[in-house]
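File shown: work-v4.cif (mmCIF, C-alpha atoms and all ligand atoms).
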data_coords
#
loop_
_atom_site.group_PDB
_atom_site.id
_atom_site.type_symbol
_atom_site.label_atom_id
_atom_site.label_comp_id
_atom_site.auth_asym_id
_atom_site.auth_seq_id
_atom_site.Cartn_x
_atom_site.Cartn_y
_atom_site.Cartn_z
ATOM 1 C CA MET A 22 -42.169 69.439 36.418
ATOM 2 C CA THR A 23 -40.929 67.253 39.258
ATOM 3 C CA ASN A 24 -39.608 69.320 42.122
ATOM 4 C CA PHE A 25 -36.222 67.668 42.525
ATOM 5 C CA SER A 26 -35.213 70.062 45.302
ATOM 6 C CA ALA A 27 -37.849 68.376 47.496
ATOM 7 C CA LEU A 28 -35.321 65.540 47.802
ATOM 8 C CA LEU A 29 -33.332 67.862 50.048
ATOM 9 C CA GLU A 30 -36.069 68.033 52.686
ATOM 10 C CA LYS A 31 -34.984 64.812 54.406
ATOM 11 C CA CYS A 32 -31.751 64.460 52.575
ATOM 12 C CA SER A 33 -30.895 60.956 51.491
ATOM 13 C CA VAL A 34 -29.362 62.015 48.202
ATOM 14 C CA CYS A 35 -26.212 60.010 48.903
ATOM 15 C CA PRO A 36 -25.403 56.885 50.951
ATOM 16 C CA ARG A 37 -24.814 58.974 54.086
ATOM 17 C CA ASN A 38 -28.634 59.302 54.488
ATOM 18 C CA CYS A 39 -28.257 62.254 56.857
ATOM 19 C CA ASN A 40 -32.018 62.982 56.895
ATOM 20 C CA VAL A 41 -31.416 66.684 57.494
ATOM 21 C CA ASN A 42 -33.661 69.367 56.023
ATOM 22 C CA ARG A 43 -31.331 71.084 53.608
ATOM 23 C CA LEU A 44 -34.176 73.289 52.377
ATOM 24 C CA LYS A 45 -33.890 74.915 55.821
ATOM 25 C CA ASN A 46 -30.113 74.895 55.528
ATOM 26 C CA GLU A 47 -29.660 72.116 58.050
ATOM 27 C CA ILE A 48 -26.259 70.649 57.407
ATOM 28 C CA GLY A 49 -25.308 66.997 56.932
ATOM 29 C CA PHE A 50 -22.028 65.237 56.246
ATOM 30 C CA CYS A 51 -21.392 67.171 53.012
ATOM 31 C CA LYS A 52 -21.909 70.501 54.839
ATOM 32 C CA ILE A 53 -23.908 72.015 51.969
ATOM 33 C CA GLY A 54 -27.451 73.293 52.509
ATOM 34 C CA LYS A 55 -30.110 74.361 50.030
ATOM 35 C CA ASN A 56 -27.960 76.181 47.505
ATOM 36 C CA PRO A 57 -24.918 74.753 45.762
ATOM 37 C CA LYS A 58 -21.553 76.320 46.468
ATOM 38 C CA VAL A 59 -19.074 76.699 43.626
ATOM 39 C CA SER A 60 -15.382 77.414 44.089
ATOM 40 C CA ALA A 61 -14.584 78.083 40.414
ATOM 41 C CA TYR A 62 -15.719 77.463 36.866
ATOM 42 C CA ASN A 63 -13.574 77.653 33.756
ATOM 43 C CA LEU A 64 -12.373 75.944 30.599
ATOM 44 C CA HIS A 65 -10.070 73.178 31.745
ATOM 45 C CA PHE A 66 -7.447 71.477 29.578
ATOM 46 C CA GLY A 67 -5.923 69.132 32.157
ATOM 47 C CA GLU A 68 -8.431 66.274 31.965
ATOM 48 C CA GLU A 69 -8.009 63.087 29.919
ATOM 49 C CA PRO A 70 -7.573 64.206 26.249
ATOM 50 C CA PRO A 71 -11.073 63.339 24.948
ATOM 51 C CA ILE A 72 -12.637 65.076 27.953
ATOM 52 C CA SER A 73 -10.547 68.243 27.555
ATOM 53 C CA GLY A 74 -11.434 68.069 23.859
ATOM 54 C CA THR A 75 -10.194 70.818 21.570
ATOM 55 C CA HIS A 76 -11.860 73.812 23.207
ATOM 56 C CA GLY A 77 -11.594 72.733 26.823
ATOM 57 C CA SER A 78 -13.883 71.072 29.322
ATOM 58 C CA GLY A 79 -16.332 73.527 30.916
ATOM 59 C CA THR A 80 -15.492 72.605 34.466
ATOM 60 C CA ILE A 81 -17.604 73.561 37.487
ATOM 61 C CA PHE A 82 -15.959 72.819 40.853
ATOM 62 C CA PHE A 83 -18.548 72.232 43.571
ATOM 63 C CA THR A 84 -17.693 72.919 47.194
ATOM 64 C CA GLY A 85 -18.209 70.164 49.793
ATOM 65 C CA CYS A 86 -18.001 66.401 49.397
ATOM 66 C CA ASN A 87 -19.627 63.254 50.750
ATOM 67 C CA LEU A 88 -16.197 61.677 51.315
ATOM 68 C CA ARG A 89 -13.413 62.782 53.667
ATOM 69 C CA CYS A 90 -10.275 61.540 51.982
ATOM 70 C CA VAL A 91 -7.315 62.232 54.230
ATOM 71 C CA PHE A 92 -5.159 62.699 51.108
ATOM 72 C CA CYS A 93 -7.628 64.961 49.250
ATOM 73 C CA GLN A 94 -5.739 67.292 46.950
ATOM 74 C CA ASN A 95 -8.668 69.729 46.850
ATOM 75 C CA TYR A 96 -9.334 69.830 50.557
ATOM 76 C CA PRO A 97 -9.721 73.651 50.839
ATOM 77 C CA ILE A 98 -12.748 73.181 48.564
ATOM 78 C CA SER A 99 -13.989 69.759 49.646
ATOM 79 C CA GLN A 100 -13.386 69.921 53.392
ATOM 80 C CA LEU A 101 -12.804 73.592 54.306
ATOM 81 C CA HIS A 102 -15.733 74.561 52.075
ATOM 82 C CA ASN A 103 -14.179 77.484 50.242
ATOM 83 C CA GLY A 104 -16.539 78.741 47.566
ATOM 84 C CA ASN A 105 -19.540 80.940 46.826
ATOM 85 C CA GLU A 106 -23.151 80.003 47.341
ATOM 86 C CA ILE A 107 -25.184 80.271 44.140
ATOM 87 C CA THR A 108 -28.801 79.672 43.131
ATOM 88 C CA VAL A 109 -29.985 76.977 40.739
ATOM 89 C CA GLU A 110 -30.728 79.777 38.232
ATOM 90 C CA LYS A 111 -27.120 80.982 38.483
ATOM 91 C CA LEU A 112 -25.876 77.420 38.002
ATOM 92 C CA ALA A 113 -27.905 77.215 34.785
ATOM 93 C CA GLU A 114 -26.371 80.544 33.692
ATOM 94 C CA ILE A 115 -22.859 79.223 34.368
ATOM 95 C CA MET A 116 -23.575 76.211 32.162
ATOM 96 C CA MET A 117 -24.732 78.532 29.374
ATOM 97 C CA THR A 118 -21.679 80.785 29.830
ATOM 98 C CA LEU A 119 -19.326 77.816 29.441
ATOM 99 C CA GLN A 120 -21.249 76.591 26.398
ATOM 100 C CA ASN A 121 -20.957 80.093 24.894
ATOM 101 C CA GLN A 122 -17.194 79.905 25.503
ATOM 102 C CA ASN A 123 -17.205 76.858 23.190
ATOM 103 C CA ALA A 124 -16.609 74.263 25.902
ATOM 104 C CA ASP A 125 -16.768 70.733 24.511
ATOM 105 C CA ASN A 126 -18.734 69.617 27.550
ATOM 106 C CA ILE A 127 -19.806 70.615 31.040
ATOM 107 C CA ASN A 128 -17.716 68.844 33.664
ATOM 108 C CA LEU A 129 -19.402 68.663 37.076
ATOM 109 C CA VAL A 130 -16.661 68.096 39.675
ATOM 110 C CA THR A 131 -17.794 66.571 42.991
ATOM 111 C CA PRO A 132 -21.510 66.702 42.089
ATOM 112 C CA THR A 133 -22.880 63.851 44.260
ATOM 113 C CA HIS A 134 -24.378 65.987 47.035
ATOM 114 C CA ILE A 135 -25.814 68.500 44.531
ATOM 115 C CA VAL A 136 -27.703 66.142 42.205
ATOM 116 C CA PRO A 137 -31.216 67.605 42.775
ATOM 117 C CA GLN A 138 -30.007 71.157 42.149
ATOM 118 C CA ILE A 139 -28.000 70.031 39.101
ATOM 119 C CA ILE A 140 -31.054 68.385 37.522
ATOM 120 C CA GLU A 141 -33.103 71.542 37.990
ATOM 121 C CA ALA A 142 -30.304 73.703 36.587
ATOM 122 C CA VAL A 143 -29.872 71.486 33.514
ATOM 123 C CA LEU A 144 -33.618 71.542 32.820
ATOM 124 C CA LEU A 145 -33.592 75.345 33.087
ATOM 125 C CA ALA A 146 -30.525 75.664 30.849
ATOM 126 C CA LYS A 147 -32.052 73.344 28.239
ATOM 127 C CA LYS A 148 -34.970 75.740 27.886
ATOM 128 C CA LYS A 149 -32.393 78.372 26.921
ATOM 129 C CA GLY A 150 -30.660 76.230 24.319
ATOM 130 C CA PHE A 151 -28.139 74.289 26.383
ATOM 131 C CA ASN A 152 -27.112 71.251 24.335
ATOM 132 C CA ILE A 153 -23.531 70.098 25.027
ATOM 133 C CA PRO A 154 -22.660 66.797 26.769
ATOM 134 C CA ILE A 155 -22.456 66.692 30.560
ATOM 135 C CA VAL A 156 -19.740 64.836 32.480
ATOM 136 C CA TYR A 157 -20.428 63.606 36.028
ATOM 137 C CA ASN A 158 -16.971 63.657 37.645
ATOM 138 C CA SER A 159 -17.319 62.115 41.091
ATOM 139 C CA GLY A 160 -15.683 60.227 43.936
ATOM 140 C CA GLY A 161 -17.942 57.256 43.166
ATOM 141 C CA TYR A 162 -19.728 57.085 46.525
ATOM 142 C CA GLU A 163 -23.236 57.241 45.098
ATOM 143 C CA LYS A 164 -26.679 55.888 45.691
ATOM 144 C CA VAL A 165 -28.131 53.907 42.775
ATOM 145 C CA GLU A 166 -31.564 55.557 43.247
ATOM 146 C CA THR A 167 -29.973 58.986 42.854
ATOM 147 C CA ILE A 168 -27.919 57.973 39.810
ATOM 148 C CA LYS A 169 -31.147 56.694 38.242
ATOM 149 C CA LEU A 170 -32.522 60.250 38.408
ATOM 150 C CA LEU A 171 -29.695 61.288 36.101
ATOM 151 C CA ASP A 172 -30.646 58.833 33.343
ATOM 152 C CA GLY A 173 -30.987 60.906 30.161
ATOM 153 C CA ILE A 174 -29.344 63.957 31.766
ATOM 154 C CA ILE A 175 -25.743 62.815 32.128
ATOM 155 C CA ASP A 176 -23.876 61.808 28.975
ATOM 156 C CA MET A 177 -20.589 60.727 30.513
ATOM 157 C CA TYR A 178 -19.862 59.344 33.932
ATOM 158 C CA MET A 179 -16.296 59.764 35.206
ATOM 159 C CA PRO A 180 -16.363 58.249 38.720
ATOM 160 C CA ASP A 181 -13.453 57.140 40.846
ATOM 161 C CA ALA A 182 -13.081 53.528 41.894
ATOM 162 C CA LYS A 183 -10.982 54.378 44.942
ATOM 163 C CA TYR A 184 -10.785 51.182 46.987
ATOM 164 C CA SER A 185 -11.715 47.527 46.938
ATOM 165 C CA ASP A 186 -11.004 47.312 50.636
ATOM 166 C CA ASP A 187 -13.521 48.639 53.142
ATOM 167 C CA LYS A 188 -10.982 48.940 55.946
ATOM 168 C CA SER A 189 -8.966 51.337 53.800
ATOM 169 C CA ALA A 190 -12.124 53.140 52.702
ATOM 170 C CA LYS A 191 -13.136 53.644 56.333
ATOM 171 C CA LYS A 192 -9.687 54.649 57.497
ATOM 172 C CA TYR A 193 -8.801 57.040 54.698
ATOM 173 C CA SER A 194 -12.193 58.323 53.395
ATOM 174 C CA ASP A 195 -14.609 57.649 56.273
ATOM 175 C CA ALA A 196 -16.772 55.407 54.060
ATOM 176 C CA ARG A 197 -16.888 51.885 55.470
ATOM 177 C CA ASP A 198 -19.192 50.560 52.709
ATOM 178 C CA TYR A 199 -17.425 52.246 49.792
ATOM 179 C CA TRP A 200 -16.657 49.090 47.796
ATOM 180 C CA LYS A 201 -20.195 47.713 47.763
ATOM 181 C CA VAL A 202 -21.724 51.124 47.111
ATOM 182 C CA ASN A 203 -19.183 51.999 44.429
ATOM 183 C CA LYS A 204 -19.683 48.707 42.553
ATOM 184 C CA ALA A 205 -23.464 49.180 42.419
ATOM 185 C CA ALA A 206 -23.110 52.792 41.265
ATOM 186 C CA LEU A 207 -20.628 51.915 38.523
ATOM 187 C CA LYS A 208 -22.932 49.200 37.213
ATOM 188 C CA GLU A 209 -25.868 51.602 37.035
ATOM 189 C CA MET A 210 -23.746 54.244 35.308
ATOM 190 C CA HIS A 211 -22.609 51.709 32.713
ATOM 191 C CA ARG A 212 -26.179 50.479 32.230
ATOM 192 C CA GLN A 213 -27.195 54.031 31.334
ATOM 193 C CA VAL A 214 -24.386 55.127 29.044
ATOM 194 C CA GLY A 215 -22.291 52.062 28.104
ATOM 195 C CA ASP A 216 -18.597 52.058 27.218
ATOM 196 C CA LEU A 217 -16.978 55.381 26.401
ATOM 197 C CA GLN A 218 -17.527 56.556 22.831
ATOM 198 C CA ILE A 219 -14.987 58.928 21.306
ATOM 199 C CA LYS A 220 -15.711 60.737 18.031
ATOM 200 C CA ASN A 221 -13.010 62.780 16.284
ATOM 201 C CA GLY A 222 -10.939 62.698 19.457
ATOM 202 C CA ILE A 223 -13.738 64.002 21.681
ATOM 203 C CA ALA A 224 -15.693 61.883 24.168
ATOM 204 C CA VAL A 225 -19.425 62.070 23.568
ATOM 205 C CA LYS A 226 -20.998 59.399 25.760
ATOM 206 C CA GLY A 227 -20.137 56.585 28.158
ATOM 207 C CA LEU A 228 -18.245 55.563 31.256
ATOM 208 C CA LEU A 229 -14.637 56.431 32.105
ATOM 209 C CA ILE A 230 -13.378 55.167 35.463
ATOM 210 C CA ARG A 231 -10.526 56.819 37.348
ATOM 211 C CA HIS A 232 -8.297 54.894 39.723
ATOM 212 C CA LEU A 233 -5.660 56.590 41.854
ATOM 213 C CA VAL A 234 -2.769 54.293 42.733
ATOM 214 C CA LEU A 235 -1.900 54.572 46.433
ATOM 215 C CA PRO A 236 1.287 53.501 48.255
ATOM 216 C CA GLU A 237 1.415 49.950 49.674
ATOM 217 C CA ASN A 238 -1.534 48.909 47.435
ATOM 218 C CA ILE A 239 -3.878 50.601 49.909
ATOM 219 C CA ALA A 240 -6.415 50.987 47.077
ATOM 220 C CA GLY A 241 -6.615 47.213 46.443
ATOM 221 C CA SER A 242 -6.138 47.892 42.743
ATOM 222 C CA LYS A 243 -6.158 44.301 41.483
ATOM 223 C CA LYS A 244 -9.639 43.577 42.830
ATOM 224 C CA VAL A 245 -10.907 46.858 41.391
ATOM 225 C CA PHE A 246 -9.761 45.806 37.913
ATOM 226 C CA GLU A 247 -11.122 42.295 38.275
ATOM 227 C CA PHE A 248 -14.548 43.737 39.082
ATOM 228 C CA ILE A 249 -14.463 46.207 36.198
ATOM 229 C CA SER A 250 -13.399 43.587 33.678
ATOM 230 C CA LYS A 251 -15.780 40.843 34.794
ATOM 231 C CA GLU A 252 -18.831 42.795 35.924
ATOM 232 C CA ILE A 253 -18.790 46.019 33.901
ATOM 233 C CA SER A 254 -16.906 45.519 30.633
ATOM 234 C CA PRO A 255 -13.351 44.615 29.585
ATOM 235 C CA LYS A 256 -13.695 47.475 27.093
ATOM 236 C CA THR A 257 -13.978 50.021 29.906
ATOM 237 C CA TYR A 258 -11.709 53.045 29.609
ATOM 238 C CA ILE A 259 -9.688 53.477 32.791
ATOM 239 C CA SER A 260 -7.493 56.373 33.775
ATOM 240 C CA ILE A 261 -4.829 54.894 36.054
ATOM 241 C CA MET A 262 -3.380 57.820 37.946
ATOM 242 C CA SER A 263 0.125 58.019 39.417
ATOM 243 C CA GLN A 264 -0.178 61.562 40.750
ATOM 244 C CA TYR A 265 -0.679 60.685 44.413
ATOM 245 C CA HIS A 266 1.307 62.883 46.759
ATOM 246 C CA PRO A 267 0.996 63.445 50.511
ATOM 247 C CA ALA A 268 -1.482 66.250 51.259
ATOM 248 C CA ASN A 269 -4.179 67.317 53.689
ATOM 249 C CA ARG A 270 -4.072 64.980 56.756
ATOM 250 C CA THR A 271 -1.570 62.397 55.508
ATOM 251 C CA ASP A 272 0.913 63.391 58.228
ATOM 252 C CA GLU A 273 -1.273 61.304 60.562
ATOM 253 C CA PHE A 274 -0.671 58.188 58.408
ATOM 254 C CA PRO A 275 2.983 57.118 57.958
ATOM 255 C CA GLU A 276 2.055 54.751 55.104
ATOM 256 C CA LEU A 277 0.720 57.707 53.086
ATOM 257 C CA GLN A 278 3.680 59.988 53.548
ATOM 258 C CA ARG A 279 5.385 59.228 50.251
ATOM 259 C CA LYS A 280 4.642 59.184 46.543
ATOM 260 C CA ILE A 281 4.210 55.834 44.818
ATOM 261 C CA THR A 282 7.260 54.163 43.280
ATOM 262 C CA ASP A 283 7.740 53.289 39.600
ATOM 263 C CA LYS A 284 7.551 49.632 40.597
ATOM 264 C CA GLU A 285 4.210 50.090 42.360
ATOM 265 C CA TYR A 286 2.728 51.922 39.405
ATOM 266 C CA LEU A 287 3.947 49.392 36.834
ATOM 267 C CA ARG A 288 2.614 46.544 38.943
ATOM 268 C CA VAL A 289 -0.839 48.157 38.898
ATOM 269 C CA ILE A 290 -0.675 48.733 35.129
ATOM 270 C CA ASN A 291 0.184 45.049 34.707
ATOM 271 C CA TRP A 292 -2.781 44.018 36.830
ATOM 272 C CA ALA A 293 -5.084 46.008 34.542
ATOM 273 C CA GLY A 294 -3.527 44.188 31.569
ATOM 274 C CA GLU A 295 -4.035 40.795 33.223
ATOM 275 C CA PHE A 296 -7.768 41.490 33.204
ATOM 276 C CA GLY A 297 -7.741 42.675 29.590
ATOM 277 C CA LEU A 298 -8.217 46.333 30.505
ATOM 278 C CA THR A 299 -6.065 48.043 27.926
ATOM 279 C CA ARG A 300 -8.192 51.065 27.032
ATOM 280 C CA GLY A 301 -7.627 54.361 28.761
ATOM 281 C CA TRP A 302 -4.811 56.521 30.017
ATOM 282 C CA ARG A 303 -1.615 55.997 31.989
ATOM 283 C CA GLN A 304 0.537 58.747 33.491
ATOM 284 C CA GLU A 305 4.228 59.513 33.767
ATOM 285 C CA ILE A 306 5.691 58.687 37.161
HETATM 286 S S1 LIG B 401 -26.022 64.737 50.194
HETATM 287 FE FE1 LIG B 401 -25.092 65.606 52.061
HETATM 288 S S2 LIG B 401 -26.763 65.873 53.521
HETATM 289 FE FE2 LIG B 401 -27.504 64.548 51.870
HETATM 290 S S3 LIG B 401 -27.198 62.469 52.599
HETATM 291 FE FE3 LIG B 401 -25.366 63.002 51.428
HETATM 292 S S4 LIG B 401 -23.918 63.886 52.869
HETATM 293 FE FE4 LIG B 401 -25.916 63.841 53.870
#
In structure tokens, write the structure found in this file.
Ligand code: SF4
Amino acid sequence: MTNFSALLEKCSVCPRNCNVNRLKNEIGFCKIGKNPKVSAYNLHFGEEPPISGTHGSGTIFFTGCNLRCVFCQNYPISQLHNGNEITVEKLAEIMMTLQNQNADNINLVTPTHIVPQIIEAVLLAKKKGFNIPIVYNSGGYEKVETIKLLDGIIDMYMPDAKYSDDKSAKKYSDARDYWKVNKAALKEMHRQVGDLQIKNGIAVKGLLIRHLVLPENIAGSKKVFEFISKEISPKTYISIMSQYHPANRTDEFPELQRKITDKEYLRVINWAGEFGLTRGWRQEI
């Protein structure tokens, strides 16, 4: 069996290419060493309906992140690193526990910096009868080479498309090449799994893209939709989220110190429509 953990020796698992030896617990941008850290795992009913399913999505929240969004709503987990270190064997056990609780899928939240450990855990769990779909629920700042390792392992990709503007990506998430990197990752994800397939109300395979609407069109939403429609598929399911609220370090950014308005949200919904993107979910404002 390939030793996927060896990828941690000079870590270039994500576009940060930190080159630290995580096997020796040297720490890079994501601040996670050899073992994954998990802040919680449970059946979650608050995802998009076909992801929550009927029995809940077996959600595993990983600590750490390869982005530093100033408005992160999970920053105690992503940036303060609250959570418990676990082994790959324990991660496999957690997957089995959630399957035994009848979860409709396993939902890996913020998995990008843990891909090698996740692959090893899934292979271990499969030997013990693990067989439910796996959702890769990420910020979308991914390396294509790493996503390729997940071909045949991940059933559903649920990445963010956060920005089409690199100045915003640098300023608010410390990722100056986010747009280029995100576009390549989304294409590879779609190549692997295609458009989202829903059977009896439950998602079983495919790509679902999330887009958080930000005040003042900081996200560059129109260009995001144009890309998805023209270069991925106009049949793409998109969750257009209105839930933005000031959090974490937004007090340093006056433009981020308010929720979005109804008008801003409706304008973004209309842009999606202009590009023929009508599948997916919209939220109350
Ligand atoms: S996974 Fe972490 S250590 Fe590895 S390149 Fe990305 S941020 Fe750096």
Please measure the separation of atom CA of Val234 of chain A and atom CA of Leu64 of chain A, giving the value in Å to one decimal. 26.6 Å
Apply the PyMOL selection byres (((chain A and resi 126) around 12) and not hetatm) to the file shown and report the selected residues as an MDAnalysis selection string. chainID A and resid 63:66 68 71:81 116:125 127:129 151:158 175:177 223:226
If we count all atoms listed in the file and set the cut-off at 8 Å, which residues sit around Leu145 of chain A, ignoring sequence neighbours fewer than 4 positions away in its own chain? Please answer as a PDB file with C-alpha atoms, keeping the file's coordinate frame.
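In the end it all went to result_15.pdb:
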ATOM      1  CA  GLU A 110     -30.728  79.777  38.232  1.00  0.00           C
ATOM      2  CA  ALA A 113     -27.905  77.215  34.785  1.00  0.00           C
ATOM      3  CA  GLU A 141     -33.103  71.542  37.990  1.00  0.00           C
ATOM      4  CA  LYS A 149     -32.393  78.372  26.921  1.00  0.00           C
TER       5      LYS A 149
END
Translate the PyMOL selection byres (((chain A and resi 185) around 12) and not hetatm), as applied to the file shown, into an explicit residue set as number ranges by chain. A: 181-184, 186-191, 196-204, 232, 234, 238-249
Using all atoms listed in the file, find each protein or nucleic acid residue lying at most 9 Å from ligand LIG 401 (chain B); present the set as an MDAnalysis selection string. chainID A and resid 28:29 31:43 47:54 85:88 133:136 163
For the atom pair atom CA of His266 of chain A and atom CA of Lys280 of chain A, what is the interatomic distance in Å to one decimal place? 5.0 Å
